[in-house]
$ cat query.txt   # compact mmCIF, C-alpha atoms
# COMPACT_ATOMS: atom_id res chain seq x y z
CA MET A 92 94.72 71.45 109.45
CA THR A 93 97.59 73.43 107.92
CA ASP A 94 98.67 76.52 109.85
CA ILE A 95 98.59 79.26 107.21
CA PHE A 96 100.91 81.39 109.37
CA ALA A 97 103.60 78.71 109.69
CA GLY A 98 106.95 80.00 108.50
CA LEU A 99 105.89 83.65 108.40
CA PRO A 100 108.07 86.21 110.23
CA GLU A 101 107.59 87.10 113.87
CA LEU A 102 106.79 90.63 114.94
CA GLU A 103 109.57 91.04 117.45
CA PRO A 104 109.30 93.14 120.65
CA GLY A 105 110.74 96.60 120.09
CA SER A 106 110.06 96.61 116.36
CA VAL A 107 107.49 98.26 114.10
CA TRP A 108 105.71 96.89 111.05
CA LEU A 109 104.26 99.43 108.61
CA VAL A 110 101.38 97.52 107.05
CA GLY A 111 98.85 98.30 104.33
CA ALA A 112 95.30 97.17 105.12
CA GLY A 113 93.98 97.59 101.59
CA PRO A 114 91.07 99.77 100.47
CA GLY A 115 88.38 98.42 102.82
CA ASP A 116 87.28 94.83 102.39
CA PRO A 117 89.02 92.73 105.12
CA GLY A 118 89.33 89.96 102.53
CA LEU A 119 91.91 92.10 100.75
CA LEU A 120 94.33 91.96 103.68
CA THR A 121 97.54 90.16 102.81
CA LEU A 122 98.65 87.12 104.79
CA HIS A 123 101.50 89.19 106.22
CA ALA A 124 98.97 91.80 107.38
CA ALA A 125 96.81 89.20 109.09
CA ASN A 126 99.92 87.73 110.68
CA ALA A 127 100.87 91.16 112.05
CA LEU A 128 97.39 91.72 113.47
CA ARG A 129 97.48 88.47 115.44
CA GLN A 130 100.86 89.32 116.99
CA ALA A 131 100.82 93.06 117.68
CA ASP A 132 100.74 94.44 121.22
CA VAL A 133 99.77 97.91 119.96
CA ILE A 134 98.01 98.80 116.71
CA VAL A 135 98.30 102.43 115.62
CA HIS A 136 95.72 102.74 112.87
CA ASP A 137 94.41 105.27 110.37
CA ALA A 138 90.86 106.51 109.88
CA LEU A 139 90.60 104.66 106.57
CA VAL A 140 91.24 101.23 108.10
CA ASN A 141 88.01 99.22 108.09
CA GLY A 142 87.02 98.34 111.66
CA ASP A 143 86.41 94.75 110.58
CA CYS A 144 90.14 94.41 109.92
CA LEU A 145 90.85 95.27 113.55
CA LYS A 146 88.70 92.35 114.67
CA LEU A 147 91.59 90.09 113.66
CA ALA A 148 93.77 91.57 116.40
CA LYS A 149 94.50 89.53 119.49
CA GLY A 150 92.27 90.31 122.46
CA THR A 151 95.01 91.98 124.51
CA ALA A 152 96.12 94.36 121.76
CA ALA A 153 95.82 98.09 122.46
CA LEU A 154 94.28 100.17 119.68
CA GLU A 155 95.47 103.72 119.11
CA PHE A 156 93.71 105.94 116.59
CA ALA A 157 96.01 108.14 114.52
CA GLY A 158 93.70 109.12 111.69
CA LYS A 159 94.19 112.23 109.61
CA ARG A 160 91.08 113.57 107.86
CA GLY A 161 90.99 116.73 105.77
CA GLY A 162 89.46 119.74 107.50
CA LYS A 163 89.22 117.99 110.88
CA PRO A 164 91.50 118.09 113.94
CA SER A 165 94.22 115.48 113.36
CA PRO A 166 97.45 114.45 115.07
CA LYS A 167 100.58 115.92 113.54
CA GLN A 168 102.57 113.55 111.37
CA ARG A 169 105.76 114.07 113.37
CA ASP A 170 103.92 113.18 116.58
CA ILE A 171 102.61 109.95 115.04
CA SER A 172 106.07 108.99 113.87
CA LEU A 173 107.62 109.67 117.28
CA ARG A 174 104.83 107.73 119.00
CA LEU A 175 105.90 104.66 117.03
CA VAL A 176 109.44 105.16 118.30
CA GLU A 177 108.20 105.55 121.86
CA LEU A 178 106.12 102.38 121.76
CA ALA A 179 108.96 100.36 120.24
CA ARG A 180 111.35 101.57 122.95
CA GLU A 181 108.88 100.28 125.53
CA GLY A 182 109.44 96.83 124.08
CA LYS A 183 106.05 96.62 122.36
CA ARG A 184 105.30 94.74 119.17
CA VAL A 185 104.03 97.70 117.17
CA LEU A 186 101.78 97.53 114.12
CA ARG A 187 101.25 100.74 112.18
CA LEU A 188 98.17 99.87 110.14
CA LYS A 189 97.39 102.14 107.22
CA GLY A 190 94.59 102.15 104.67
CA GLY A 191 95.63 101.04 101.19
CA ASP A 192 99.40 100.83 100.78
CA PRO A 193 101.73 102.59 103.24
CA PHE A 194 103.98 103.87 100.45
CA VAL A 195 101.23 105.22 98.15
CA PHE A 196 100.19 108.62 99.52
CA GLY A 197 100.19 107.00 102.96
CA ARG A 198 103.14 108.83 104.56
CA GLY A 199 104.73 105.47 105.26
CA GLY A 200 108.02 106.71 103.91
CA GLU A 201 108.08 109.56 106.43
CA GLU A 202 107.36 107.20 109.31
CA ALA A 203 109.95 104.67 108.16
CA LEU A 204 112.58 107.42 107.92
CA THR A 205 111.86 108.40 111.53
CA LEU A 206 112.22 104.79 112.64
CA ALA A 207 115.52 104.52 110.77
CA GLU A 208 116.70 107.78 112.33
CA HIS A 209 116.07 106.34 115.81
CA HIS A 210 117.47 102.89 115.01
CA ILE A 211 114.13 101.11 115.42
CA PRO A 212 113.85 97.83 113.45
CA PHE A 213 110.97 97.88 110.98
CA ARG A 214 109.33 95.92 108.18
CA ILE A 215 107.25 97.24 105.28
CA VAL A 216 104.19 95.20 104.29
CA PRO A 217 102.61 96.51 101.07
CA GLY A 218 98.84 96.62 100.71
CA ILE A 219 96.39 96.95 97.84
CA THR A 220 96.14 100.65 97.11
CA ALA A 221 92.69 102.18 96.62
CA GLY A 222 93.70 103.56 93.25
CA ILE A 223 93.78 99.99 91.95
CA GLY A 224 91.69 97.88 94.33
CA GLY A 225 89.01 100.46 94.95
CA LEU A 226 88.50 101.00 91.24
CA ALA A 227 88.41 97.24 90.66
CA TYR A 228 85.49 97.03 93.11
CA ALA A 229 83.76 99.65 90.97
CA GLY A 230 84.39 97.63 87.80
CA ILE A 231 86.95 100.10 86.45
CA PRO A 232 90.36 98.73 85.42
CA VAL A 233 93.24 101.21 85.52
CA THR A 234 94.62 99.79 82.26
CA HIS A 235 92.99 98.30 79.18
CA ARG A 236 94.87 97.56 75.96
CA GLU A 237 92.36 99.36 73.77
CA VAL A 238 92.42 102.48 75.94
CA ASN A 239 95.77 103.14 77.61
CA HIS A 240 99.34 102.02 78.02
CA ALA A 241 100.05 104.46 80.83
CA VAL A 242 98.35 105.61 84.02
CA THR A 243 99.22 108.43 86.41
CA PHE A 244 98.51 108.45 90.15
CA LEU A 245 98.43 111.81 91.89
CA THR A 246 97.23 113.47 95.06
CA GLY A 247 94.62 116.20 94.97
CA HIS A 248 96.16 118.21 97.80
CA ASP A 249 99.54 118.76 99.38
CA SER A 250 100.55 119.06 103.04
CA SER A 251 99.01 122.54 103.23
CA GLY A 252 95.64 121.26 101.99
CA VAL A 253 95.64 122.94 98.58
CA VAL A 254 96.09 121.58 95.06
CA PRO A 255 99.81 120.87 94.62
CA ASP A 256 101.45 123.60 92.53
CA ARG A 257 104.31 121.30 91.54
CA ILE A 258 102.09 119.05 89.44
CA ASN A 259 102.70 119.47 85.73
CA TRP A 260 99.07 119.53 84.62
CA ASP A 261 99.99 120.10 80.98
CA GLY A 262 102.31 117.10 80.98
CA ILE A 263 99.81 114.82 82.73
CA ALA A 264 96.88 115.95 80.60
CA LYS A 265 98.77 115.32 77.38
CA GLY A 266 100.76 112.26 78.42
CA SER A 267 98.50 110.12 80.60
CA PRO A 268 95.33 108.63 79.08
CA VAL A 269 94.12 107.60 82.56
CA ILE A 270 94.53 109.72 85.70
CA VAL A 271 93.78 108.33 89.15
CA MET A 272 93.50 110.85 91.97
CA TYR A 273 93.60 110.44 95.72
CA MET A 274 92.18 113.08 98.10
CA ALA A 275 90.88 115.11 95.17
CA MET A 276 87.16 115.52 95.81
CA LYS A 277 87.47 118.77 97.78
CA HIS A 278 89.34 120.51 94.95
CA ILE A 279 87.74 118.77 91.99
CA GLY A 280 86.55 122.05 90.45
CA GLN A 281 90.05 123.47 90.21
CA ILE A 282 91.53 120.15 89.13
CA SER A 283 88.96 119.74 86.36
CA THR A 284 89.60 123.29 85.19
CA ASN A 285 93.35 122.63 85.11
CA LEU A 286 92.93 119.48 83.03
CA ILE A 287 90.50 121.03 80.56
CA ALA A 288 92.75 124.07 80.18
CA ALA A 289 95.61 121.66 79.44
CA GLY A 290 93.65 120.06 76.60
CA ARG A 291 91.48 117.28 78.05
CA SER A 292 87.98 117.02 76.62
CA PRO A 293 85.23 118.46 78.88
CA ASP A 294 83.16 115.37 77.96
CA GLU A 295 85.79 112.87 79.08
CA PRO A 296 84.36 110.20 81.43
CA MET A 297 85.11 110.55 85.11
CA ALA A 298 84.11 108.54 88.16
CA PHE A 299 84.16 108.97 91.92
CA VAL A 300 84.29 105.83 94.06
CA CYS A 301 83.37 106.68 97.64
CA ASN A 302 84.00 104.27 100.54
CA ALA A 303 85.57 101.87 98.07
CA ALA A 304 85.50 98.13 98.75
CA THR A 305 83.09 98.48 101.67
CA PRO A 306 79.33 97.82 101.96
CA GLU A 307 78.89 101.63 101.81
CA GLN A 308 80.58 101.94 98.41
CA VAL A 309 78.92 104.44 96.06
CA VAL A 310 80.03 105.21 92.51
CA LEU A 311 79.25 108.46 90.72
CA GLU A 312 79.87 108.54 86.97
CA THR A 313 80.14 111.97 85.41
CA THR A 314 82.31 113.99 83.02
CA LEU A 315 85.27 116.26 83.53
CA SER A 316 83.21 119.40 82.98
CA GLY A 317 80.23 118.20 85.02
CA ALA A 318 82.16 116.76 87.95
CA GLU A 319 81.98 119.68 90.38
CA ALA A 320 78.25 120.24 89.96
CA ASP A 321 77.44 116.52 90.04
CA VAL A 322 79.47 115.91 93.19
CA THR A 323 77.79 118.84 94.93
CA ALA A 324 74.34 117.66 93.88
CA SER A 325 75.04 114.09 94.98
CA GLY A 326 75.95 115.03 98.54
CA LEU A 327 78.80 112.51 98.46
CA GLU A 328 81.76 113.06 100.73
CA PRO A 329 85.30 111.68 101.02
CA PRO A 330 86.96 109.28 101.26
CA ALA A 331 86.89 108.87 97.51
CA ILE A 332 89.13 107.74 94.70
CA VAL A 333 88.71 109.62 91.41
CA VAL A 334 89.52 108.42 87.91
CA VAL A 335 89.52 110.25 84.57
CA GLY A 336 89.72 108.43 81.26
CA GLU A 337 88.03 106.14 78.77
CA VAL A 338 88.43 103.18 81.16
CA VAL A 339 85.45 104.56 83.07
CA ARG A 340 83.22 103.39 80.21
CA LEU A 341 84.23 99.81 80.95
CA ARG A 342 82.15 99.92 84.13
CA ALA A 343 79.06 99.32 81.98
CA SER A 344 80.46 95.83 81.31
CA LEU A 345 82.61 95.17 84.38
CA ASP A 346 80.49 96.32 87.31
CA TRP A 347 80.64 92.88 88.89
CA LEU A 348 79.20 94.04 92.21
CA GLY A 349 76.28 95.60 90.37
CA ALA A 350 75.78 92.37 88.45
CA LEU A 351 75.55 90.44 91.72
CA ALA A 352 72.74 92.81 92.68
CA GLY A 353 70.94 92.28 89.36
CA ARG A 354 72.45 94.85 87.00
CA ALA A 355 72.52 93.74 83.36
CA LEU A 356 76.03 94.25 82.04
CA ALA A 357 76.71 95.54 78.53
CA PRO A 358 78.46 93.03 76.25
CA ASP A 359 80.84 95.65 74.82
CA PRO A 360 81.07 99.22 76.13
CA PHE A 361 83.13 100.21 73.08
CA SER A 362 80.78 98.67 70.49
CA SER A 363 80.42 102.02 68.76
CA ARG A 364 84.18 102.31 68.23
CA ILE A 365 86.33 100.60 65.61
CA LEU A 366 89.08 98.90 67.59
CA ARG A 367 92.20 97.24 66.37
CA ASN A 368 92.45 93.47 66.68
CA PRO A 369 94.66 92.92 69.76
CA ALA A 370 97.68 90.72 69.38

$ encode --input "query.txt" --output "structure tokens"
Amino acid sequence: MTDIFAGLPELEPGSVWLVGAGPGDPGLLTLHAANALRQADVIVHDALVNGDCLKLAKGTAALEFAGKRGGKPSPKQRDISLRLVELAREGKRVLRLKGGDPFVFGRGGEEALTLAEHHIPFRIVPGITAGIGGLAYAGIPVTHREVNHAVTFLTGHDSSGVVPDRINWDGIAKGSPVIVMYMAMKHIGQISTNLIAAGRSPDEPMAFVCNAATPEQVVLETTLSGAEADVTASGLEPPAIVVVGEVVRLRASLDWLGALAGRALAPDPFSSRILRNPA
């Protein structure tokens, strides 16, 4: 039988790999991620890493939780970064396992800069970010030729926990047909108000995908103006990925998980619109 790990790099003692675990489903781990899990002496992992992914670790691996969740006691980012340095200096094979992609709102850049500052060898292993993979599991593509030729990814809060004041809401509202938001559920009322004030239609489709790509996944479809009330009424809580735009309507035809459970999919969610003939 062919060894699927043959020829892949070794996680050397005294080095750190910053690895994306994807949005939830262990099947979305990359081969490099699985290779890191089987070699690591210590795995420093986030709250959003699915526990099933950690089952791929070798039996002697130590697991250290370093999750940061909004509104709850969390380790400071600087302490996490320095812990990676400490473990590497002990000669450990260190895996920093992060949900999604380490460089997409995952603070991987901050941790890598600390490693570089302390002359610790490191490798970056990208993962499938929730803003793409999580929406795909909900049957929502981030791009569709009849809807958008641009998409914007943004975070719903900054390091102080409030809506970032450096976001150009007018520019995004007018220039991006599809907006994908991470960590936005807590402030969705203010965000929706900002977008509507900047010219987006109150009736524009919007969706929340909670616990994306896991058996606990729940999708709430709503509108920009109804989002705050609908989220409150639903009782849903983070983690969630949020998307605004006409691509949300495609879920009626592309909810493949729903179809597996018996949902009848619509043949054309845009049947009421006159669309150009794509090239």

$ residues_near_point --input "query.txt" --point "(101.0, 120.2, 78.0)" --cutoff "10 Å" --atoms "only C-alpha atoms" --output "ChimeraX atom specification"
/A:259-266,286,288-291

$ residues_around --input "query.txt" --residues "A:Gly118" --least-positions-apart "4" --cutoff "12 Å" --atoms "all atoms listed in the file" --output "MDAnalysis selection string"
chainID A and resid 112:114 122 124:125 141 143:144 147 218:219 224 304:305

$ residues_around --input "query.txt" --residues "stretch 184-189 of chain A" --least-positions-apart "3" --cutoff "7 Å" --atoms "all atoms listed in the file" --output "CSV table (one decimal) with C-alpha atoms, in the coordinates of the input"
chain,number,residue,atom,x,y,z
A,102,LEU,CA,106.8,90.6,114.9
A,103,GLU,CA,109.6,91.0,117.4
A,104,PRO,CA,109.3,93.1,120.6
A,105,GLY,CA,110.7,96.6,120.1
A,106,SER,CA,110.1,96.6,116.4
A,107,VAL,CA,107.5,98.3,114.1
A,108,TRP,CA,105.7,96.9,111.0
A,109,LEU,CA,104.3,99.4,108.6
A,110,VAL,CA,101.4,97.5,107.0
A,111,GLY,CA,98.8,98.3,104.3
A,112,ALA,CA,95.3,97.2,105.1
A,127,ALA,CA,100.9,91.2,112.0
A,131,ALA,CA,100.8,93.1,117.7
A,132,ASP,CA,100.7,94.4,121.2
A,133,VAL,CA,99.8,97.9,120.0
A,134,ILE,CA,98.0,98.8,116.7
A,135,VAL,CA,98.3,102.4,115.6
A,136,HIS,CA,95.7,102.7,112.9
A,137,ASP,CA,94.4,105.3,110.4
A,140,VAL,CA,91.2,101.2,108.1
A,178,LEU,CA,106.1,102.4,121.8
A,179,ALA,CA,109.0,100.4,120.2
A,192,ASP,CA,99.4,100.8,100.8
A,193,PRO,CA,101.7,102.6,103.2

$ atom_distance --input "query.txt" --atom1 "atom CA of A:Leu356" --atom2 "atom CA of A:Leu315"
23.9 Å

$ closest_residue --input "query.txt" --among "A:His123, A:Arg174, A:Val242, A:Pro117" --to "A:Ile215" --atoms "only C-alpha atoms"
A:His123

$ atom_distance --input "query.txt" --atom1 "atom CA of A:Met274" --atom2 "atom CA of A:Thr246"
5.9 Å

$ residues_around --input "query.txt" --residues "A:Val339" --least-positions-apart "6" --cutoff "9 Å" --atoms "only C-alpha atoms" --output "compact mmCIF listing (two decimals) with C-alpha atoms, in the frame of the given file"
# COMPACT_ATOMS: atom_id res chain seq x y z
CA GLY A 230 84.39 97.63 87.80
CA ILE A 231 86.95 100.10 86.45
CA PRO A 232 90.36 98.73 85.42
CA VAL A 233 93.24 101.21 85.52
CA PRO A 296 84.36 110.20 81.43
CA MET A 297 85.11 110.55 85.11
CA ALA A 298 84.11 108.54 88.16
CA GLU A 312 79.87 108.54 86.97

$ atom_distance --input "query.txt" --atom1 "atom CA of A:Val238" --atom2 "atom CA of A:Val338"
6.6 Å

$ closest_residue --input "query.txt" --among "A:Ala343, A:Asp94, A:Gly191, A:Tyr273" --to "A:Asp249" --atoms "all atoms listed in the file"
A:Tyr273

$ axis_aligned_box --input "query.txt" --around "stretch 207-219 of chain A" --padding-each-side "5 Å" --output "lines of an AutoDock Vina configuration file"
center_x = 106.9
center_y = 101.5
center_z = 106.8
size_x = 31.1
size_y = 22.6
size_z = 28.0

$ residues_near_point --input "query.txt" --point "(91.5, 110.6, 92.9)" --cutoff "8 Å" --atoms "all atoms listed in the file" --output "VMD selection string"
chain A and resid 222 244 to 247 270 to 276 299 331 to 334

$ closest_residue --input "query.txt" --among "A:Ile223, A:Tyr228, A:Ala352, A:Gln168" --to "A:Gly199" --atoms "only C-alpha atoms"
A:Gln168

$ closest_residue --input "query.txt" --among "A:Leu311, A:Leu351, A:Leu139, A:Leu128" --to "A:Leu154" --atoms "only C-alpha atoms"
A:Leu128

$ residues_around --input "query.txt" --residues "A:Pro268" --least-positions-apart "5" --cutoff "9 Å" --atoms "only C-alpha atoms" --output "NGL selection string"
:A and (238-243 or 263 or 335-337)

$ residues_around --input "query.txt" --residues "stretch 202-206 of chain A" --least-positions-apart "3" --cutoff "9 Å" --atoms "only C-alpha atoms" --output "PyMOL selection string"
chain A and resi 107+109+168-169+171-173+175-176+198-199+209-215
